[in-house]
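Asker: Got target_28.pdb for you, PDB, C-alpha atoms:
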```
MODEL        1
ATOM      1  CA  MET P   1       7.529   9.727   7.493  1.00  0.00           C
ATOM      2  CA  LEU P   2       4.338  11.677   8.152  1.00  0.00           C
ATOM      3  CA  LEU P   3       3.635   9.422  11.106  1.00  0.00           C
ATOM      4  CA  ARG P   4       6.913  10.580  12.666  1.00  0.00           C
ATOM      5  CA  THR P   5       6.328  14.328  12.182  1.00  0.00           C
ATOM      6  CA  GLY P   6       4.008  14.493  15.169  1.00  0.00           C
ATOM      7  CA  ARG P   7       1.236  15.940  12.968  1.00  0.00           C
ATOM      8  CA  ILE P   8      -1.328  13.195  13.422  1.00  0.00           C
ATOM      9  CA  GLY P   9      -4.075  15.113  11.589  1.00  0.00           C
ATOM     10  CA  LEU P  10      -1.918  15.562   8.502  1.00  0.00           C
ATOM     11  CA  ALA P  11      -0.835  11.924   8.616  1.00  0.00           C
ATOM     12  CA  ALA P  12      -4.472  10.757   8.905  1.00  0.00           C
ATOM     13  CA  ALA P  13      -5.640  13.003   6.051  1.00  0.00           C
ATOM     14  CA  THR P  14      -2.824  11.761   3.817  1.00  0.00           C
ATOM     15  CA  LEU P  15      -3.581   8.145   4.693  1.00  0.00           C
ATOM     16  CA  ILE P  16      -7.282   8.594   3.885  1.00  0.00           C
ATOM     17  CA  ALA P  17      -6.661  10.460   0.603  1.00  0.00           C
ATOM     18  CA  ASP P  18      -4.054   7.986  -0.638  1.00  0.00           C
ATOM     19  CA  THR P  19      -6.231   5.022   0.342  1.00  0.00           C
ATOM     20  CA  LEU P  20      -9.281   6.482  -1.408  1.00  0.00           C
ATOM     21  CA  LYS P  21      -7.180   7.075  -4.521  1.00  0.00           C
ATOM     22  CA  GLY P  22      -6.557   3.348  -4.835  1.00  0.00           C
ATOM     23  CA  THR P  23     -10.086   2.307  -3.928  1.00  0.00           C
ATOM     24  CA  ALA P  24     -11.709   4.789  -6.329  1.00  0.00           C
ATOM     25  CA  ALA P  25      -9.496   3.724  -9.244  1.00  0.00           C
ATOM     26  CA  VAL P  26     -10.494   0.072  -8.865  1.00  0.00           C
ATOM     27  CA  LEU P  27     -14.198   0.660  -8.231  1.00  0.00           C
ATOM     28  CA  VAL P  28     -14.716   3.249 -10.978  1.00  0.00           C
ATOM     29  CA  ALA P  29     -12.850   1.179 -13.591  1.00  0.00           C
ATOM     30  CA  SER P  30     -14.682  -1.993 -12.586  1.00  0.00           C
ATOM     31  CA  TRP P  31     -18.029  -0.231 -12.906  1.00  0.00           C
ATOM     32  CA  TRP P  32     -17.052   1.444 -16.181  1.00  0.00           C
ATOM     33  CA  CYS P  33     -15.973  -1.797 -17.849  1.00  0.00           C
ATOM     34  CA  GLY P  34     -19.050  -3.699 -16.757  1.00  0.00           C
ATOM     35  CA  GLN P  35     -19.712  -7.216 -15.625  1.00  0.00           C
ATOM     36  CA  ASP P  36     -17.671  -9.041 -18.277  1.00  0.00           C
ATOM     37  CA  HIS P  37     -14.341  -7.229 -17.840  1.00  0.00           C
ATOM     38  CA  GLY P  38     -14.822  -5.262 -14.650  1.00  0.00           C
ATOM     39  CA  GLN P  39     -12.384  -7.188 -12.489  1.00  0.00           C
ATOM     40  CA  ASP P  40      -9.570  -7.001 -15.042  1.00  0.00           C
ATOM     41  CA  CYS P  41     -10.181  -3.280 -15.631  1.00  0.00           C
ATOM     42  CA  GLY P  42     -10.200  -2.698 -11.890  1.00  0.00           C
ATOM     43  CA  LEU P  43      -6.871  -4.451 -11.417  1.00  0.00           C
ATOM     44  CA  ILE P  44      -5.295  -2.498 -14.287  1.00  0.00           C
ATOM     45  CA  ALA P  45      -6.657   0.776 -12.909  1.00  0.00           C
ATOM     46  CA  GLY P  46      -5.336  -0.127  -9.470  1.00  0.00           C
ATOM     47  CA  LEU P  47      -1.882  -0.704 -10.925  1.00  0.00           C
ATOM     48  CA  GLY P  48      -2.165   2.651 -12.714  1.00  0.00           C
ATOM     49  CA  ALA P  49      -3.119   4.450  -9.505  1.00  0.00           C
ATOM     50  CA  PHE P  50      -0.209   2.803  -7.698  1.00  0.00           C
ATOM     51  CA  LEU P  51       2.294   3.726 -10.396  1.00  0.00           C
ATOM     52  CA  GLY P  52       0.873   7.249 -10.545  1.00  0.00           C
ATOM     53  CA  HIS P  53       1.415   7.557  -6.805  1.00  0.00           C
ATOM     54  CA  LEU P  54       5.001   6.332  -7.025  1.00  0.00           C
ATOM     55  CA  PHE P  55       5.898   8.394 -10.090  1.00  0.00           C
ATOM     56  CA  PRO P  56       3.650  11.483 -10.355  1.00  0.00           C
ATOM     57  CA  VAL P  57       4.318  13.613 -13.423  1.00  0.00           C
ATOM     58  CA  TRP P  58       3.718  16.902 -11.568  1.00  0.00           C
ATOM     59  CA  LEU P  59       6.356  16.042  -8.962  1.00  0.00           C
ATOM     60  CA  LYS P  60       9.045  15.143 -11.508  1.00  0.00           C
ATOM     61  CA  PHE P  61       8.282  11.423 -11.055  1.00  0.00           C
ATOM     62  CA  LYS P  62       9.236  11.492  -7.357  1.00  0.00           C
ATOM     63  CA  GLY P  63       6.248  10.381  -5.296  1.00  0.00           C
ATOM     64  CA  GLY P  64       5.347   8.308  -2.302  1.00  0.00           C
ATOM     65  CA  LYS P  65       6.010   4.697  -1.448  1.00  0.00           C
ATOM     66  CA  GLY P  66       2.555   3.401  -2.283  1.00  0.00           C
ATOM     67  CA  ILE P  67       1.536   1.675   0.932  1.00  0.00           C
ATOM     68  CA  ALA P  68      -1.735   3.534   1.536  1.00  0.00           C
ATOM     69  CA  THR P  69      -2.654   3.494  -2.155  1.00  0.00           C
ATOM     70  CA  GLY P  70      -2.003  -0.248  -2.191  1.00  0.00           C
ATOM     71  CA  LEU P  71      -4.242  -0.626   0.850  1.00  0.00           C
ATOM     72  CA  GLY P  72      -6.985   1.228  -0.985  1.00  0.00           C
ATOM     73  CA  ILE P  73      -6.643  -1.094  -3.966  1.00  0.00           C
ATOM     74  CA  LEU P  74      -6.779  -4.070  -1.607  1.00  0.00           C
ATOM     75  CA  LEU P  75      -9.917  -2.721   0.085  1.00  0.00           C
ATOM     76  CA  ALA P  76     -11.662  -2.645  -3.295  1.00  0.00           C
ATOM     77  CA  VAL P  77     -10.365  -6.079  -4.328  1.00  0.00           C
ATOM     78  CA  SER P  78     -10.844  -8.002  -1.055  1.00  0.00           C
ATOM     79  CA  TRP P  79     -11.871  -6.117   2.064  1.00  0.00           C
ATOM     80  CA  GLN P  80     -11.369  -9.292   4.133  1.00  0.00           C
ATOM     81  CA  VAL P  81      -7.714  -9.575   3.118  1.00  0.00           C
ATOM     82  CA  ALA P  82      -7.344  -5.805   3.629  1.00  0.00           C
ATOM     83  CA  ILE P  83      -8.497  -6.185   7.230  1.00  0.00           C
ATOM     84  CA  ALA P  84      -6.025  -9.049   7.766  1.00  0.00           C
ATOM     85  CA  VAL P  85      -3.221  -6.928   6.288  1.00  0.00           C
ATOM     86  CA  MET P  86      -4.148  -3.978   8.527  1.00  0.00           C
ATOM     87  CA  ILE P  87      -4.059  -6.261  11.577  1.00  0.00           C
ATOM     88  CA  ILE P  88      -0.624  -7.534  10.512  1.00  0.00           C
ATOM     89  CA  TRP P  89       0.559  -3.920  10.140  1.00  0.00           C
ATOM     90  CA  LEU P  90      -0.794  -2.985  13.588  1.00  0.00           C
ATOM     91  CA  VAL P  91       0.807  -5.973  15.317  1.00  0.00           C
ATOM     92  CA  ILE P  92       4.225  -5.423  13.717  1.00  0.00           C
ATOM     93  CA  ALA P  93       4.078  -1.649  14.261  1.00  0.00           C
ATOM     94  CA  ALA P  94       3.111  -2.080  17.916  1.00  0.00           C
ATOM     95  CA  ALA P  95       5.817  -4.675  18.505  1.00  0.00           C
ATOM     96  CA  SER P  96       8.642  -2.921  16.660  1.00  0.00           C
ATOM     97  CA  ARG P  97       7.536   0.745  16.458  1.00  0.00           C
ATOM     98  CA  TYR P  98       8.860   0.726  12.860  1.00  0.00           C
ATOM     99  CA  SER P  99       6.194   1.827  10.388  1.00  0.00           C
ATOM    100  CA  SER P 100       8.366   0.869   7.417  1.00  0.00           C
ATOM    101  CA  LEU P 101       8.948  -2.661   8.732  1.00  0.00           C
ATOM    102  CA  ALA P 102       5.238  -3.108   9.417  1.00  0.00           C
ATOM    103  CA  SER P 103       4.416  -1.813   5.935  1.00  0.00           C
ATOM    104  CA  LEU P 104       6.849  -4.144   4.214  1.00  0.00           C
ATOM    105  CA  ILE P 105       5.681  -7.223   6.109  1.00  0.00           C
ATOM    106  CA  ALA P 106       2.024  -6.332   5.483  1.00  0.00           C
ATOM    107  CA  CYS P 107       2.829  -5.785   1.779  1.00  0.00           C
ATOM    108  CA  ALA P 108       4.494  -9.165   1.544  1.00  0.00           C
ATOM    109  CA  ALA P 109       1.525 -10.826   3.256  1.00  0.00           C
ATOM    110  CA  ALA P 110      -1.096  -9.489   0.827  1.00  0.00           C
ATOM    111  CA  PRO P 111      -0.215 -11.634  -2.230  1.00  0.00           C
ATOM    112  CA  VAL P 112       0.188 -14.724  -0.040  1.00  0.00           C
ATOM    113  CA  LEU P 113      -3.238 -14.227   1.532  1.00  0.00           C
ATOM    114  CA  LEU P 114      -4.853 -13.526  -1.840  1.00  0.00           C
ATOM    115  CA  TRP P 115      -3.297 -16.693  -3.244  1.00  0.00           C
ATOM    116  CA  PHE P 116      -4.617 -18.769  -0.344  1.00  0.00           C
ATOM    117  CA  ILE P 117      -8.169 -17.505  -0.794  1.00  0.00           C
ATOM    118  CA  GLY P 118      -8.023 -18.559  -4.439  1.00  0.00           C
ATOM    119  CA  THR P 119      -7.601 -15.323  -6.375  1.00  0.00           C
ATOM    120  CA  PRO P 120      -4.402 -15.802  -8.388  1.00  0.00           C
ATOM    121  CA  SER P 121      -4.804 -12.754 -10.668  1.00  0.00           C
ATOM    122  CA  GLN P 122      -5.224 -10.521  -7.634  1.00  0.00           C
ATOM    123  CA  ALA P 123      -2.296 -12.248  -5.923  1.00  0.00           C
ATOM    124  CA  LEU P 124      -0.131 -11.585  -8.978  1.00  0.00           C
ATOM    125  CA  LEU P 125      -1.030  -7.884  -8.973  1.00  0.00           C
ATOM    126  CA  PHE P 126      -0.181  -7.599  -5.288  1.00  0.00           C
ATOM    127  CA  LEU P 127       3.088  -9.465  -5.809  1.00  0.00           C
ATOM    128  CA  VAL P 128       4.026  -6.776  -8.357  1.00  0.00           C
ATOM    129  CA  LEU P 129       2.888  -4.028  -5.956  1.00  0.00           C
ATOM    130  CA  ALA P 130       4.899  -5.599  -3.121  1.00  0.00           C
ATOM    131  CA  VAL P 131       8.051  -5.760  -5.258  1.00  0.00           C
ATOM    132  CA  LEU P 132       7.609  -2.098  -6.196  1.00  0.00           C
ATOM    133  CA  ALA P 133       6.997  -1.169  -2.549  1.00  0.00           C
ATOM    134  CA  PHE P 134      10.193  -2.945  -1.501  1.00  0.00           C
ATOM    135  CA  ILE P 135      12.115  -1.084  -4.212  1.00  0.00           C
ATOM    136  CA  MET P 136      10.669   2.240  -3.044  1.00  0.00           C
ATOM    137  CA  HIS P 137      11.580   1.373   0.559  1.00  0.00           C
ATOM    138  CA  ARG P 138      15.203   0.488  -0.187  1.00  0.00           C
ATOM    139  CA  GLY P 139      16.438   3.436   1.883  1.00  0.00           C
ATOM    140  CA  ASN P 140      14.227   2.376   4.794  1.00  0.00           C
ATOM    141  CA  ILE P 141      15.487  -1.198   4.483  1.00  0.00           C
ATOM    142  CA  ALA P 142      19.091   0.025   4.647  1.00  0.00           C
ATOM    143  CA  ARG P 143      18.297   2.135   7.733  1.00  0.00           C
ATOM    144  CA  LEU P 144      16.495  -0.816   9.369  1.00  0.00           C
ATOM    145  CA  MET P 145      19.573  -2.979   8.787  1.00  0.00           C
ATOM    146  CA  ASN P 146      21.863  -0.222  10.140  1.00  0.00           C
ATOM    147  CA  GLY P 147      19.636   0.424  13.161  1.00  0.00           C
ATOM    148  CA  THR P 148      19.077   4.065  12.167  1.00  0.00           C
ATOM    149  CA  GLU P 149      15.439   3.919  10.972  1.00  0.00           C
ATOM    150  CA  GLY P 150      13.137   6.287  12.830  1.00  0.00           C
ATOM    151  CA  LYS P 151      10.491   4.815  15.080  1.00  0.00           C
ATOM    152  CA  ILE P 152       6.824   5.669  15.433  1.00  0.00           C
ATOM    153  CA  GLY P 153       6.501   8.499  17.936  1.00  0.00           C
ATOM    154  CA  GLN P 154      10.114   9.573  17.467  1.00  0.00           C
ATOM    155  CA  LYS P 155      10.496  13.058  16.005  1.00  0.00           C
ATOM    156  CA  ALA P 156      11.721  13.101  12.402  1.00  0.00           C
TER     157      ALA P 156
ENDMDL
END
```
Can you give me the file's structure in the form of structure tokens?
Answerer:
Amino acid sequence: MLLRTGRIGLAAATLIADTLKGTAAVLVASWWCGQDHGQDCGLIAGLGAFLGHLFPVWLKFKGGKGIATGLGILLAVSWQVAIAVMIIWLVIAAASRYSSLASLIACAAAPVLLWFIGTPSQALLFLVLAVLAFIMHRGNIARLMNGTEGKIGQKA
């Protein structure tokens, strides 16, 4: 939505802040728990950051859709897969001009890519995050199917 407001600066700041939220949660928890349990703590903290973004207490449990926060978690877990997911998003967004479609396809790709590189616990987390993202995007999915979803560059 912010991408369609025409306020690129606000959209960029929101993207950076939401991404850092996910990255910081994973990295701080991993460091805090130490070498033996760091990865598990990081994944749990990432899930917590994601859920906190979707359902923030101070906004009466009505938050965002989690895409940027999920990207931040992915950057901390596997920066290589994060780059692949960003490329997928860019290609789909450029081809379709639908940010929501690009986000959903990129979300669906993350657990598959993580599985193929041999990190099943990370793939499982991102499968859960992808399911939640699809649930949060149900209105966008309906608009995509009806042909009424707003496009990138189109005023909201």
Asker: Give me, please, the distance in Å between CA of Gly52 in chain P and CA of Ile117 in chain P, quoted to one decimal.
Answerer: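 CA of Gly52 in chain P sits 28.1 Å away from CA of Ile117 in chain P.
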Asker: From the set P:Val81, P:Leu114, P:Leu101, P:Ala123, which residue has the shortest atom-to-atom contact distance to Arg143 in chain P, counting all atoms listed in the file?
Answerer: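 Under the stated criterion, the closest residue is P:Leu101.
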Asker: Expanded to explicit residues, what is the PyMOL selection byres ((chain P and resi 74) around 10) for this file, as a PyMOL selection string?
Answerer: chain P and resi 19+22-23+26+43+46+68-73+75-83+85+110+114+122+126
Asker: Which polymer residues have any atom within 12 Å of an atom of Leu125 in chain P, counting all atoms listed in the file, with same-chain residues fewer than 4 positions away left out, as an MDAnalysis selection string?
Answerer: chainID P and resid 39:40 42:48 50 70 73:74 77 107:108 110:112 114:115 119:121 129:132
Asker: In Å, with one decimal, what is the gap from CA of Trp31 in chain P to CA of Gly66 in chain P?
Answerer: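 Going from CA of Trp31 in chain P over to CA of Gly66 in chain P covers 23.4 Å.
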Asker: Can you work out the spacing between CA of Tyr98 in chain P and CA of Ile152 in chain P in Å, to one decimal?
Answerer: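 Separating CA of Tyr98 in chain P from CA of Ile152 in chain P is a distance of 5.9 Å.
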Asker: Given the choices P:Ala94, P:Gly150, P:Lys65, P:Phe116, which gets closest to Arg138 in chain P if the distance is worked out from all atoms listed in the file?
Answerer: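 When distances to Arg138 in chain P are compared using all atoms listed in the file, the smallest one comes from P:Lys65.
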Asker: Taking into account all atoms listed in the file, which residue in the set P:Ala29, P:Leu104, P:Ile67, P:Val128 is nearest to Leu54 in chain P?
Answerer: P:Ile67
Asker: Can you pull out every residue within 10 Å of Arg97 in chain P, counting only C-alpha atoms, but drop anything in the same chain fewer than 5 positions away, and send it as a PyMOL selection string?
Answerer: chain P and resi 90-92+102+150-154
Asker: So, counting all atoms listed in the file, which residue among P:Leu10, P:Gln35, P:Met86, P:Gly118 is closest to Ser103 in chain P?
Answerer: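 That would be P:Met86, the residue with the smallest distance to Ser103 in chain P.
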